[in-house]
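Chemist: I'm passing along query-v3.pdb; it holds PDB, C-alpha atoms.
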```
ATOM      1  CA  LEU T   1      55.257 -53.007  -8.522
ATOM      2  CA  ALA T   2      53.050 -49.932  -8.403
ATOM      3  CA  VAL T   3      52.845 -50.192  -4.611
ATOM      4  CA  ARG T   4      56.609 -50.505  -4.255
ATOM      5  CA  CYS T   5      57.177 -47.440  -6.435
ATOM      6  CA  ASP T   6      54.861 -45.534  -4.177
ATOM      7  CA  LEU T   7      57.162 -46.025  -1.183
ATOM      8  CA  HIS T   8      59.347 -43.109  -0.197
ATOM      9  CA  LEU T   9      63.015 -43.160  -1.064
ATOM     10  CA  ASP T  10      63.994 -43.167   2.586
ATOM     11  CA  ALA T  11      61.860 -46.214   3.339
ATOM     12  CA  LEU T  12      65.015 -48.346   3.656
ATOM     13  CA  THR T  13      66.422 -46.209   6.449
ATOM     14  CA  GLN T  14      63.219 -45.924   8.490
ATOM     15  CA  PRO T  15      61.102 -48.643  10.068
ATOM     16  CA  ILE T  16      58.379 -49.761   7.676
ATOM     17  CA  PRO T  17      54.868 -49.762   9.168
ATOM     18  CA  PRO T  18      53.160 -53.158   9.293
ATOM     19  CA  MET T  19      50.597 -52.257   6.602
ATOM     20  CA  ARG T  20      53.292 -51.143   4.184
ATOM     21  CA  THR T  21      55.237 -54.286   4.907
ATOM     22  CA  LEU T  22      52.211 -56.372   4.013
ATOM     23  CA  LEU T  23      51.632 -54.438   0.820
ATOM     24  CA  LEU T  24      55.292 -54.725  -0.133
ATOM     25  CA  VAL T  25      55.308 -58.481   0.348
ATOM     26  CA  CYS T  26      52.055 -58.969  -1.584
ATOM     27  CA  SER T  27      53.164 -56.811  -4.474
ATOM     28  CA  THR T  28      56.489 -58.617  -4.724
ATOM     29  CA  ALA T  29      54.731 -61.971  -4.772
ATOM     30  CA  ALA T  30      52.335 -60.731  -7.413
ATOM     31  CA  ALA T  31      55.210 -59.562  -9.604
ATOM     32  CA  LEU T  32      56.923 -62.959  -9.395
ATOM     33  CA  ARG T  33      53.793 -64.979 -10.286
ATOM     34  CA  SER T  34      52.415 -65.452 -13.761
ATOM     35  CA  PRO T  35      49.654 -63.088 -14.923
ATOM     36  CA  ALA T  36      47.031 -65.801 -14.524
ATOM     37  CA  HIS T  37      47.940 -66.387 -10.835
ATOM     38  CA  ARG T  38      48.812 -62.917  -9.595
ATOM     39  CA  VAL T  39      47.368 -61.792  -6.311
ATOM     40  CA  ARG T  40      44.645 -59.175  -6.626
ATOM     41  CA  LEU T  41      44.929 -56.721  -3.768
ATOM     42  CA  PRO T  42      41.679 -55.771  -2.117
ATOM     43  CA  SER T  43      40.534 -52.355  -3.232
ATOM     44  CA  LEU T  44      39.342 -49.739  -0.771
ATOM     45  CA  GLN T  45      37.309 -48.011  -3.503
ATOM     46  CA  ARG T  46      33.555 -48.365  -3.104
ATOM     47  CA  ALA T  47      32.157 -50.826  -5.596
ATOM     48  CA  ALA T  48      29.953 -49.340  -8.303
ATOM     49  CA  ALA T  49      26.260 -49.878  -7.847
ATOM     50  CA  PRO T  50      24.858 -52.598 -10.077
ATOM     51  CA  ALA T  51      23.254 -51.340 -13.250
ATOM     52  CA  ALA T  52      19.544 -50.859 -12.995
ATOM     53  CA  PRO T  53      17.514 -53.337 -14.981
ATOM     54  CA  PRO T  54      16.190 -51.984 -18.290
ATOM     55  CA  ALA T  55      12.836 -50.341 -18.092
ATOM     56  CA  PRO T  56      10.031 -52.579 -19.233
ATOM     57  CA  VAL T  57       8.966 -52.072 -22.796
ATOM     58  CA  ALA T  58       5.743 -50.126 -23.103
ATOM     59  CA  ALA T  59       2.776 -52.236 -24.090
ATOM     60  CA  ALA T  60       2.347 -52.113 -27.848
ATOM     61  CA  GLY T  61      -1.375 -51.699 -27.635
ATOM     62  CA  ASN T  62      -1.889 -49.007 -25.060
ATOM     63  CA  LYS T  63      -5.456 -47.833 -24.954
ATOM     64  CA  VAL T  64      -4.717 -44.191 -25.710
ATOM     65  CA  GLN T  65      -2.724 -45.098 -28.793
ATOM     66  CA  LYS T  66      -5.403 -47.516 -29.981
ATOM     67  CA  ARG T  67      -8.119 -44.874 -29.779
ATOM     68  CA  LEU T  68      -5.909 -42.288 -31.426
ATOM     69  CA  ILE T  69      -5.004 -44.626 -34.293
ATOM     70  CA  ALA T  70      -8.649 -45.614 -34.763
ATOM     71  CA  LEU T  71      -9.921 -42.028 -34.879
ATOM     72  CA  LEU T  72      -7.163 -40.804 -37.197
ATOM     73  CA  SER T  73      -7.832 -43.719 -39.566
ATOM     74  CA  PHE T  74     -11.577 -43.033 -39.603
ATOM     75  CA  ASN T  75     -11.026 -39.312 -40.209
ATOM     76  CA  ALA T  76      -8.622 -40.045 -43.058
ATOM     77  CA  GLY T  77     -11.300 -42.148 -44.776
ATOM     78  CA  VAL T  78     -13.875 -39.374 -44.426
ATOM     79  CA  ALA T  79     -11.419 -36.729 -45.623
ATOM     80  CA  ASP T  80     -10.361 -38.681 -48.706
ATOM     81  CA  VAL T  81     -13.969 -38.934 -49.919
ATOM     82  CA  VAL T  82     -15.411 -35.548 -48.979
ATOM     83  CA  LEU T  83     -12.392 -33.341 -49.609
ATOM     84  CA  PHE T  84     -11.584 -35.025 -52.915
ATOM     85  CA  LYS T  85     -15.083 -34.304 -54.189
ATOM     86  CA  LYS T  86     -14.923 -30.762 -52.837
ATOM     87  CA  HIS T  87     -11.429 -29.778 -54.013
ATOM     88  CA  GLY T  88     -10.704 -32.251 -56.803
ATOM     89  CA  CYS T  89      -7.495 -33.543 -55.206
ATOM     90  CA  PHE T  90      -6.239 -35.462 -52.199
ATOM     91  CA  ALA T  91      -5.185 -33.353 -49.254
ATOM     92  CA  THR T  92      -3.971 -36.313 -47.190
ATOM     93  CA  MET T  93      -1.891 -38.265 -49.734
ATOM     94  CA  MET T  94       0.723 -36.757 -52.010
ATOM     95  CA  THR T  95       1.232 -39.684 -54.397
ATOM     96  CA  GLY T  96      -1.806 -38.764 -56.488
ATOM     97  CA  ASN T  97      -0.812 -35.109 -56.523
ATOM     98  CA  LEU T  98       2.683 -36.015 -57.680
ATOM     99  CA  ILE T  99       1.260 -38.145 -60.509
ATOM    100  CA  LYS T 100      -1.154 -35.429 -61.638
ATOM    101  CA  GLY T 101       1.471 -32.724 -61.333
ATOM    102  CA  THR T 102       4.018 -34.663 -63.343
ATOM    103  CA  CYS T 103       1.482 -35.448 -66.072
ATOM    104  CA  ALA T 104       0.465 -31.769 -66.191
ATOM    105  CA  LEU T 105       4.109 -30.785 -66.490
ATOM    106  CA  VAL T 106       4.649 -33.180 -69.379
ATOM    107  CA  ASP T 107       1.496 -31.882 -71.109
ATOM    108  CA  ALA T 108       2.637 -28.268 -70.560
ATOM    109  CA  LYS T 109      -0.383 -27.470 -68.369
ATOM    110  CA  TRP T 110       1.551 -25.022 -66.256
ATOM    111  CA  ALA T 111      -1.300 -23.903 -64.003
ATOM    112  CA  ASP T 112      -2.119 -27.478 -62.996
ATOM    113  CA  ALA T 113       1.549 -28.345 -62.546
ATOM    114  CA  ARG T 114       2.039 -25.273 -60.342
ATOM    115  CA  PHE T 115      -0.999 -26.121 -58.203
ATOM    116  CA  PHE T 116      -0.035 -29.732 -57.551
ATOM    117  CA  GLY T 117       3.532 -28.647 -56.838
ATOM    118  CA  CYS T 118       2.229 -26.143 -54.270
ATOM    119  CA  MET T 119       0.066 -28.884 -52.728
ATOM    120  CA  ILE T 120       3.145 -31.028 -52.150
ATOM    121  CA  LEU T 121       5.143 -28.107 -50.756
ATOM    122  CA  SER T 122       2.290 -27.168 -48.431
ATOM    123  CA  TYR T 123       2.078 -30.730 -47.124
ATOM    124  CA  LEU T 124       5.833 -30.841 -46.565
ATOM    125  CA  ALA T 125       5.651 -27.537 -44.691
ATOM    126  CA  GLY T 126       3.217 -29.147 -42.259
ATOM    127  CA  CYS T 127       5.530 -32.123 -41.785
ATOM    128  CA  SER T 128       8.443 -29.766 -41.195
ATOM    129  CA  GLY T 129       6.447 -27.850 -38.600
ATOM    130  CA  GLN T 130       5.783 -31.025 -36.620
ATOM    131  CA  ARG T 131       9.464 -31.929 -36.786
ATOM    132  CA  ILE T 132      10.521 -28.514 -35.471
ATOM    133  CA  LEU T 133       8.064 -28.767 -32.590
ATOM    134  CA  ASP T 134       9.184 -32.302 -31.808
ATOM    135  CA  GLN T 135      12.819 -31.239 -31.502
ATOM    136  CA  ARG T 136      12.546 -27.759 -29.996
ATOM    137  CA  ALA T 137       9.340 -27.514 -27.955
ATOM    138  CA  THR T 138       8.323 -29.105 -24.691
ATOM    139  CA  PRO T 139       5.800 -31.950 -24.997
ATOM    140  CA  ARG T 140       2.951 -29.918 -23.529
ATOM    141  CA  THR T 141       3.663 -26.947 -25.789
ATOM    142  CA  LYS T 142       3.966 -29.259 -28.770
ATOM    143  CA  SER T 143       0.505 -30.791 -28.387
ATOM    144  CA  ARG T 144      -1.163 -27.418 -27.876
ATOM    145  CA  VAL T 145       0.556 -25.833 -30.868
ATOM    146  CA  ILE T 146      -0.295 -28.794 -33.124
ATOM    147  CA  ALA T 147      -3.944 -28.691 -32.076
ATOM    148  CA  LEU T 148      -4.192 -24.916 -32.573
ATOM    149  CA  ALA T 149      -2.283 -24.912 -35.875
ATOM    150  CA  THR T 150      -4.435 -27.727 -37.290
ATOM    151  CA  PHE T 151      -7.621 -25.894 -36.397
ATOM    152  CA  LEU T 152      -6.392 -22.589 -37.858
ATOM    153  CA  LEU T 153      -5.223 -24.203 -41.110
ATOM    154  CA  PHE T 154      -8.569 -25.919 -41.621
ATOM    155  CA  ARG T 155     -10.346 -22.687 -40.742
ATOM    156  CA  CYS T 156      -8.273 -20.801 -43.316
ATOM    157  CA  SER T 157      -9.454 -23.295 -45.928
ATOM    158  CA  ASP T 158     -13.004 -22.027 -45.389
ATOM    159  CA  VAL T 159     -12.103 -18.347 -45.004
ATOM    160  CA  PHE T 160      -9.607 -17.918 -47.838
ATOM    161  CA  GLY T 161     -10.643 -20.760 -50.094
ATOM    162  CA  GLY T 162     -14.344 -20.041 -50.449
ATOM    163  CA  ALA T 163     -14.015 -18.592 -53.952
ATOM    164  CA  SER T 164     -11.479 -21.178 -55.102
ATOM    165  CA  ALA T 165     -11.672 -24.873 -54.345
ATOM    166  CA  ARG T 166      -8.001 -25.275 -55.109
ATOM    167  CA  ARG T 167      -6.911 -22.460 -52.845
ATOM    168  CA  GLY T 168      -8.744 -24.056 -49.938
ATOM    169  CA  ALA T 169      -6.987 -27.371 -50.567
ATOM    170  CA  LEU T 170      -3.578 -25.755 -50.060
ATOM    171  CA  TRP T 171      -4.416 -24.903 -46.437
ATOM    172  CA  LEU T 172      -5.763 -28.390 -45.816
ATOM    173  CA  ALA T 173      -2.594 -30.017 -47.158
ATOM    174  CA  ALA T 174      -0.489 -28.221 -44.538
ATOM    175  CA  GLY T 175      -2.891 -29.292 -41.799
ATOM    176  CA  PHE T 176      -2.789 -32.916 -42.871
ATOM    177  CA  GLY T 177       1.002 -32.718 -43.042
ATOM    178  CA  LEU T 178       0.974 -31.906 -39.313
ATOM    179  CA  VAL T 179      -1.518 -34.641 -38.430
ATOM    180  CA  ASN T 180       0.092 -37.350 -40.555
ATOM    181  CA  ALA T 181       3.528 -36.542 -39.155
ATOM    182  CA  VAL T 182       2.150 -37.173 -35.660
ATOM    183  CA  SER T 183       0.851 -40.572 -36.832
ATOM    184  CA  VAL T 184       4.250 -41.607 -38.164
ATOM    185  CA  ASP T 185       6.611 -40.009 -35.629
ATOM    186  CA  VAL T 186       4.568 -40.640 -32.479
ATOM    187  CA  LEU T 187       2.493 -43.728 -33.269
ATOM    188  CA  LEU T 188       4.729 -45.390 -35.880
ATOM    189  CA  THR T 189       1.587 -46.040 -37.898
ATOM    190  CA  ILE T 190       0.429 -44.818 -41.315
ATOM    191  CA  THR T 191      -3.257 -44.066 -40.856
ATOM    192  CA  TRP T 192      -4.040 -42.524 -44.266
ATOM    193  CA  MET T 193      -2.742 -45.231 -46.651
ATOM    194  CA  LEU T 194      -3.540 -48.933 -46.643
ATOM    195  CA  THR T 195      -0.984 -50.583 -48.926
ATOM    196  CA  ILE T 196       1.607 -51.237 -46.218
ATOM    197  CA  HIS T 197      -1.010 -52.714 -43.875
ATOM    198  CA  MET T 198      -2.342 -55.022 -46.590
ATOM    199  CA  GLN T 199       1.182 -56.179 -47.333
ATOM    200  CA  LYS T 200       1.940 -56.972 -43.677
ATOM    201  CA  LEU T 201      -1.289 -58.927 -43.247
ATOM    202  CA  THR T 202      -0.688 -60.804 -46.500
ATOM    203  CA  ASN T 203       2.813 -61.746 -45.363
ATOM    204  CA  TYR T 204       1.393 -63.089 -42.105
ATOM    205  CA  ALA T 205      -1.318 -65.089 -43.872
ATOM    206  CA  THR T 206       1.223 -66.547 -46.307
ATOM    207  CA  ASP T 207       3.435 -67.658 -43.426
ATOM    208  CA  ALA T 208       0.560 -68.907 -41.255
ATOM    209  CA  ILE T 209      -0.783 -71.338 -43.851
ATOM    210  CA  GLY T 210       2.700 -72.712 -44.523
ATOM    211  CA  LEU T 211       3.372 -71.426 -48.030
ATOM    212  CA  SER T 212       6.630 -69.817 -46.863
ATOM    213  CA  GLY T 213       7.939 -73.009 -45.269
ATOM    214  CA  ALA T 214       7.809 -74.756 -41.923
ATOM    215  CA  LYS T 215      10.170 -72.300 -40.215
ATOM    216  CA  ALA T 216       8.124 -69.264 -41.253
ATOM    217  CA  LYS T 217       4.912 -71.013 -40.217
ATOM    218  CA  ALA T 218       6.286 -71.804 -36.767
ATOM    219  CA  SER T 219       7.328 -68.179 -36.182
ATOM    220  CA  ALA T 220       4.158 -66.591 -37.571
ATOM    221  CA  LYS T 221       2.417 -64.666 -34.824
ATOM    222  CA  PHE T 222      -0.582 -62.360 -34.958
ATOM    223  CA  GLY T 223       0.914 -59.689 -32.730
ATOM    224  CA  PRO T 224      -0.011 -56.121 -31.782
ATOM    225  CA  VAL T 225       1.420 -54.610 -34.966
ATOM    226  CA  LEU T 226      -0.815 -56.769 -37.153
ATOM    227  CA  ARG T 227      -3.819 -56.039 -34.949
ATOM    228  CA  ARG T 228      -3.079 -52.352 -35.416
ATOM    229  CA  SER T 229      -3.085 -52.862 -39.187
ATOM    230  CA  CYS T 230      -6.503 -54.495 -38.947
ATOM    231  CA  VAL T 231      -7.798 -51.518 -36.963
ATOM    232  CA  VAL T 232      -6.482 -49.076 -39.571
ATOM    233  CA  LEU T 233      -8.051 -51.029 -42.447
ATOM    234  CA  ALA T 234     -11.421 -51.411 -40.741
ATOM    235  CA  LEU T 235     -11.727 -47.817 -39.513
ATOM    236  CA  PHE T 236     -10.453 -46.321 -42.763
ATOM    237  CA  ALA T 237     -13.091 -48.305 -44.674
ATOM    238  CA  ALA T 238     -15.742 -47.189 -42.168
ATOM    239  CA  GLY T 239     -14.668 -43.576 -42.720
ATOM    240  CA  ILE T 240     -14.980 -43.983 -46.492
ATOM    241  CA  GLY T 241     -18.486 -45.362 -46.064
ATOM    242  CA  ALA T 242     -19.511 -42.570 -43.710
ATOM    243  CA  GLY T 243     -17.967 -39.928 -45.950
ATOM    244  CA  HIS T 244     -19.743 -41.271 -49.021
ATOM    245  CA  TYR T 245     -23.098 -41.536 -47.226
ATOM    246  CA  PHE T 246     -22.977 -38.020 -45.772
ATOM    247  CA  CYS T 247     -20.978 -36.468 -48.613
ATOM    248  CA  GLU T 248     -23.733 -34.286 -50.037
ATOM    249  CA  ALA T 249     -24.648 -32.949 -46.612
ATOM    250  CA  CYS T 250     -20.988 -32.231 -45.850
ATOM    251  CA  LEU T 251     -20.435 -30.400 -49.127
ATOM    252  CA  ASP T 252     -23.466 -28.193 -48.540
ATOM    253  CA  MET T 253     -22.444 -27.444 -44.948
ATOM    254  CA  ALA T 254     -20.896 -24.026 -44.428
ATOM    255  CA  GLY T 255     -17.689 -24.247 -42.471
ATOM    256  CA  PHE T 256     -17.220 -28.008 -42.857
ATOM    257  CA  SER T 257     -13.421 -27.722 -42.916
ATOM    258  CA  THR T 258     -13.524 -25.604 -39.743
ATOM    259  CA  LEU T 259     -15.538 -28.255 -37.932
ATOM    260  CA  PHE T 260     -13.214 -30.941 -39.225
ATOM    261  CA  GLY T 261     -10.188 -29.014 -37.958
ATOM    262  CA  ALA T 262     -11.809 -28.526 -34.555
ATOM    263  CA  TRP T 263     -12.434 -32.268 -34.395
ATOM    264  CA  TYR T 264      -8.777 -32.996 -35.144
ATOM    265  CA  ALA T 265      -7.648 -30.506 -32.507
ATOM    266  CA  LEU T 266      -9.934 -32.113 -29.946
ATOM    267  CA  ILE T 267      -8.535 -35.558 -30.771
ATOM    268  CA  VAL T 268      -4.951 -34.410 -30.241
ATOM    269  CA  LEU T 269      -5.662 -32.695 -26.926
ATOM    270  CA  SER T 270      -8.074 -35.203 -25.396
ATOM    271  CA  HIS T 271      -6.139 -38.361 -26.258
ATOM    272  CA  ASP T 272      -2.694 -37.077 -25.408
ATOM    273  CA  GLN T 273      -3.540 -34.544 -22.688
ATOM    274  CA  GLY T 274      -0.617 -32.294 -23.466
ATOM    275  CA  ARG T 275       1.915 -35.124 -23.686
ATOM    276  CA  VAL T 276       2.484 -35.688 -27.406
ATOM    277  CA  GLY T 277       5.839 -37.453 -27.567
ATOM    278  CA  LEU T 278       5.872 -38.747 -23.994
ATOM    279  CA  ASP T 279       3.431 -41.547 -24.738
ATOM    280  CA  SER T 280       5.225 -42.317 -27.959
ATOM    281  CA  LEU T 281       5.220 -45.982 -28.867
ATOM    282  CA  GLY T 282       8.054 -45.305 -31.257
ATOM    283  CA  LYS T 283      10.326 -43.776 -28.629
ATOM    284  CA  ALA T 284       9.469 -46.516 -26.134
ATOM    285  CA  LEU T 285      10.461 -49.194 -28.628
ATOM    286  CA  LEU T 286      13.660 -47.467 -29.711
ATOM    287  CA  LEU T 287      14.793 -46.776 -26.135
ATOM    288  CA  ASN T 288      14.195 -50.385 -25.135
ATOM    289  CA  LYS T 289      15.420 -52.128 -28.281
ATOM    290  CA  ASN T 290      18.231 -53.814 -26.348
ATOM    291  CA  ALA T 291      15.826 -55.109 -23.717
ATOM    292  CA  ASN T 292      13.456 -56.661 -26.230
ATOM    293  CA  PRO T 293      14.799 -56.719 -29.794
ATOM    294  CA  GLY T 294      11.979 -58.942 -30.998
ATOM    295  CA  LEU T 295       9.317 -56.321 -30.285
ATOM    296  CA  LEU T 296      11.269 -53.704 -32.214
ATOM    297  CA  ASP T 297      11.660 -56.053 -35.180
ATOM    298  CA  GLU T 298       7.938 -56.773 -35.183
TER     299      GLU T 298
END
```
How does this structure look as structure tokens?
Modeler:
Amino acid sequence: LAVRCDLHLDALTQPIPPMRTLLLVCSTAAALRSPAHRVRLPSLQRAAAPAAPPAPVAAAGNKVQKRLIALLSFNAGVADVVLFKKHGCFATMMTGNLIKGTCALVDAKWADARFFGCMILSYLAGCSGQRILDQRATPRTKSRVIALATFLLFRCSDVFGGASARRGALWLAAGFGLVNAVSVDVLLTITWMLTIHMQKLTNYATDAIGLSGAKAKASAKFGPVLRRSCVVLALFAAGIGAGHYFCEACLDMAGFSTLFGAWYALIVLSHDQGRVGLDSLGKALLLNKNANPGLLDE
């Protein structure tokens, strides 16, 4: 019908070319047949190219990510021991600071409540800085700024916090906010707390020995995510041991926070080589979730 409407009004008074005659006959036949049996006219439009196959999902245990996770976990163990003894609070984890701050607020200890509140705000400022860089900066600029900012924040802990242990902790909290945000947003791994990793491994063990039922036992698999949890647990414990063994030497060392910040900056630059975000396991999984939903679920 569409082809017939396309004919000129004077088509009846002029000889119809053979091609138009063929189209007219085919369209009339198509209009008279049922929708299930209508003739489909061949299209002269170039067929669309077949969709490219989805990109392969990045390997969950890429070597760079494994080393980065291992080093960040080890450093977090060292920091929790040494910096807690030096500053009297955790600079890497905010749960303890929230508990102490809330208790101080209830007991009307306003100075303590104000300090722990500032610790949390400082940590959140570091997390916010990483988020801004992740959304607005190029990957190469992002890695360099994170490395430089982490070093400067740790350096400021030594320079401006020498007379006050608490004042130095505020600078460290912002630095660890940056570093921990990289662990979560880039590596999809919490390297400074162990509860979630213990829970995942316990769930696997419960399923593997059959306590959750035959179906759960059959689907239990010790995959890359669980292996990553084992790495975090082992290296975090090793960092605690190293921090406890060398704690006195670290506390007596002038500029310990500066050296620690330089070490973090070196880790970011050497293991990502200016490409923080491009080698992101999290982005690789999210972009390929349709290609391999099981890996994303794991």
Chemist: What is the CA of Met94 (chain T)-CA of Ile120 (chain T) distance in Å, reported with one decimal?
Modeler: 6.2 Å
Chemist: Considering all atoms listed in the file, state which residue in the set T:Cys230, T:Leu98, T:Ile196, T:Ala125 is at the smallest distance from Ala173 (chain T).
Modeler: T:Ala125
Chemist: Interatomic distance between CA of Leu194 (chain T) and CA of Cys118 (chain T)?
Modeler: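 Result for CA of Leu194 (chain T) versus CA of Cys118 (chain T): 24.7 Å, one decimal.
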Chemist: Set the distance at 10 Å and use all atoms listed in the file: which residues neighbour Val82 (chain T) once local chain neighbours fewer than 6 positions away are removed? I'd like the list as a list in words.
Modeler: Gly88, Phe90, Ile240, Ala242, Gly243, His244, Tyr245, Phe246, Cys247, Glu248, Ala249, Cys250, Leu251 and Phe256 of chain T
Chemist: Of the candidates T:Arg144, T:Lys109, T:Arg227, T:Lys215, which one gets nearest to Lys200 (chain T) if we count only C-alpha atoms?
Modeler: T:Arg227
Chemist: Ranking T:Leu266, T:Ala218, T:Val186, T:Arg166 by minimum distance to Pro139 (chain T) and counting only C-alpha atoms, which one comes first?
Modeler: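 The shortest atom-to-atom distance to Pro139 (chain T) comes from T:Val186.
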Chemist: Have a look at CA of Gly101 (chain T) and CA of Phe84 (chain T) and let me know their distance in Å, one decimal.
Modeler: 15.7 Å
Chemist: Compare T:Leu259, T:Met198, T:Ala216, T:Ala174 by their minimum atom-to-atom distance to Leu233 (chain T), counting only C-alpha atoms, and give me the closest one.
Modeler: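 Answer, going by the shortest atom-to-atom distance: T:Met198.
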Chemist: Output, as lines of an AutoDock Vina configuration file, the centre and edge lengths in Å (one decimal) of the axis-aligned box that contains all listed atoms of region 213-222 of chain T with 3 Å of margin on each side.
Modeler:
```
center_x = 4.8
center_y = -68.6
center_z = -40.0
size_x = 16.8
size_y = 18.4
size_z = 16.4
```
Chemist: Any idea what's packed within 10 Å of Leu170 (chain T), counting all atoms listed in the file, ignoring anything in its chain fewer than 3 positions away? Could you give it as a list in words?
Modeler: His87, Ala91, Phe115, Phe116, Cys118, Met119, Ile120, Leu121, Ser122, Tyr123, Leu153, Phe154, Cys156, Ser157, Gly161, Ala165, Arg166, Arg167, Ala173, Ala174 and Gly175 of chain T
Chemist: Determine the nearest neighbour of Ala147 (chain T) from the options T:Ala111, T:Ile69, T:Leu269, T:Leu187, counting only C-alpha atoms.
Modeler: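 Of T:Ala111, T:Ile69, T:Leu269, T:Leu187, the one nearest Ala147 (chain T), counting only C-alpha atoms, is T:Leu269.
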Chemist: List as JSON, numbers by chain the residues having at least one atom at most 9 Å from position (-6.9, -44.0, -38.8) as given in the file, counting only C-alpha atoms.
Modeler: {"T": [68, 69, 70, 71, 72, 73, 74, 75, 76, 77, 183, 189, 190, 191, 192, 193, 231, 232, 233, 234, 235, 236, 239]}
Chemist: If you take all atoms listed in the file and a cut-off of 10 Å, which residues of region 142-256 of chain T touch region 126-135 of chain T, and what are their nearest atom pairs and distances in Å to one decimal, in chain and number order, as a tab-separated table?
Modeler:
```
residue	atom	partner	partner_atom	distance
T:Lys142	CA	T:Leu133	CA	5.6
T:Ser143	CA	T:Leu133	CA	8.9
T:Val145	CA	T:Leu133	CA	8.2
T:Ile146	CA	T:Gln130	CA	7.4
T:Ala149	CA	T:Gly126	CA	9.4
T:Thr150	CA	T:Gly126	CA	9.2
T:Leu153	CA	T:Gly126	CA	9.8
T:Trp171	CA	T:Gly126	CA	9.7
T:Leu172	CA	T:Gly126	CA	9.7
T:Ala173	CA	T:Gly126	CA	7.7
T:Ala174	CA	T:Gly126	CA	4.4
T:Gly175	CA	T:Gly126	CA	6.1
T:Phe176	CA	T:Gly126	CA	7.1
T:Gly177	CA	T:Gly126	CA	4.3
T:Leu178	CA	T:Gly126	CA	4.6
T:Val179	CA	T:Gly126	CA	8.2
T:Asn180	CA	T:Cys127	CA	7.6
T:Ala181	CA	T:Cys127	CA	5.5
T:Val182	CA	T:Gln130	CA	7.2
T:Asp185	CA	T:Arg131	CA	8.6
T:Val186	CA	T:Asp134	CA	9.6
```
Chemist: Would you put the residues from that selection into a file with C-alpha atoms, as an mmCIF file, in the frame of the given file?
Modeler:
```cif
data_model
loop_
_atom_site.group_PDB
_atom_site.id
_atom_site.type_symbol
_atom_site.label_atom_id
_atom_site.label_comp_id
_atom_site.auth_asym_id
_atom_site.auth_seq_id
_atom_site.Cartn_x
_atom_site.Cartn_y
_atom_site.Cartn_z
ATOM 1 C CA LYS T 142 3.966 -29.259 -28.770
ATOM 2 C CA SER T 143 0.505 -30.791 -28.387
ATOM 3 C CA VAL T 145 0.556 -25.833 -30.868
ATOM 4 C CA ILE T 146 -0.295 -28.794 -33.124
ATOM 5 C CA ALA T 149 -2.283 -24.912 -35.875
ATOM 6 C CA THR T 150 -4.435 -27.727 -37.290
ATOM 7 C CA LEU T 153 -5.223 -24.203 -41.110
ATOM 8 C CA TRP T 171 -4.416 -24.903 -46.437
ATOM 9 C CA LEU T 172 -5.763 -28.390 -45.816
ATOM 10 C CA ALA T 173 -2.594 -30.017 -47.158
ATOM 11 C CA ALA T 174 -0.489 -28.221 -44.538
ATOM 12 C CA GLY T 175 -2.891 -29.292 -41.799
ATOM 13 C CA PHE T 176 -2.789 -32.916 -42.871
ATOM 14 C CA GLY T 177 1.002 -32.718 -43.042
ATOM 15 C CA LEU T 178 0.974 -31.906 -39.313
ATOM 16 C CA VAL T 179 -1.518 -34.641 -38.430
ATOM 17 C CA ASN T 180 0.092 -37.350 -40.555
ATOM 18 C CA ALA T 181 3.528 -36.542 -39.155
ATOM 19 C CA VAL T 182 2.150 -37.173 -35.660
ATOM 20 C CA ASP T 185 6.611 -40.009 -35.629
ATOM 21 C CA VAL T 186 4.568 -40.640 -32.479
#
```
Chemist: Using all atoms listed in the file, which of the listed residues (T:Thr202, T:Cys103, T:Phe151, T:Ala238) sits closest to Phe222 (chain T)?
Modeler: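 The answer is T:Thr202, which sits nearest to Phe222 (chain T).
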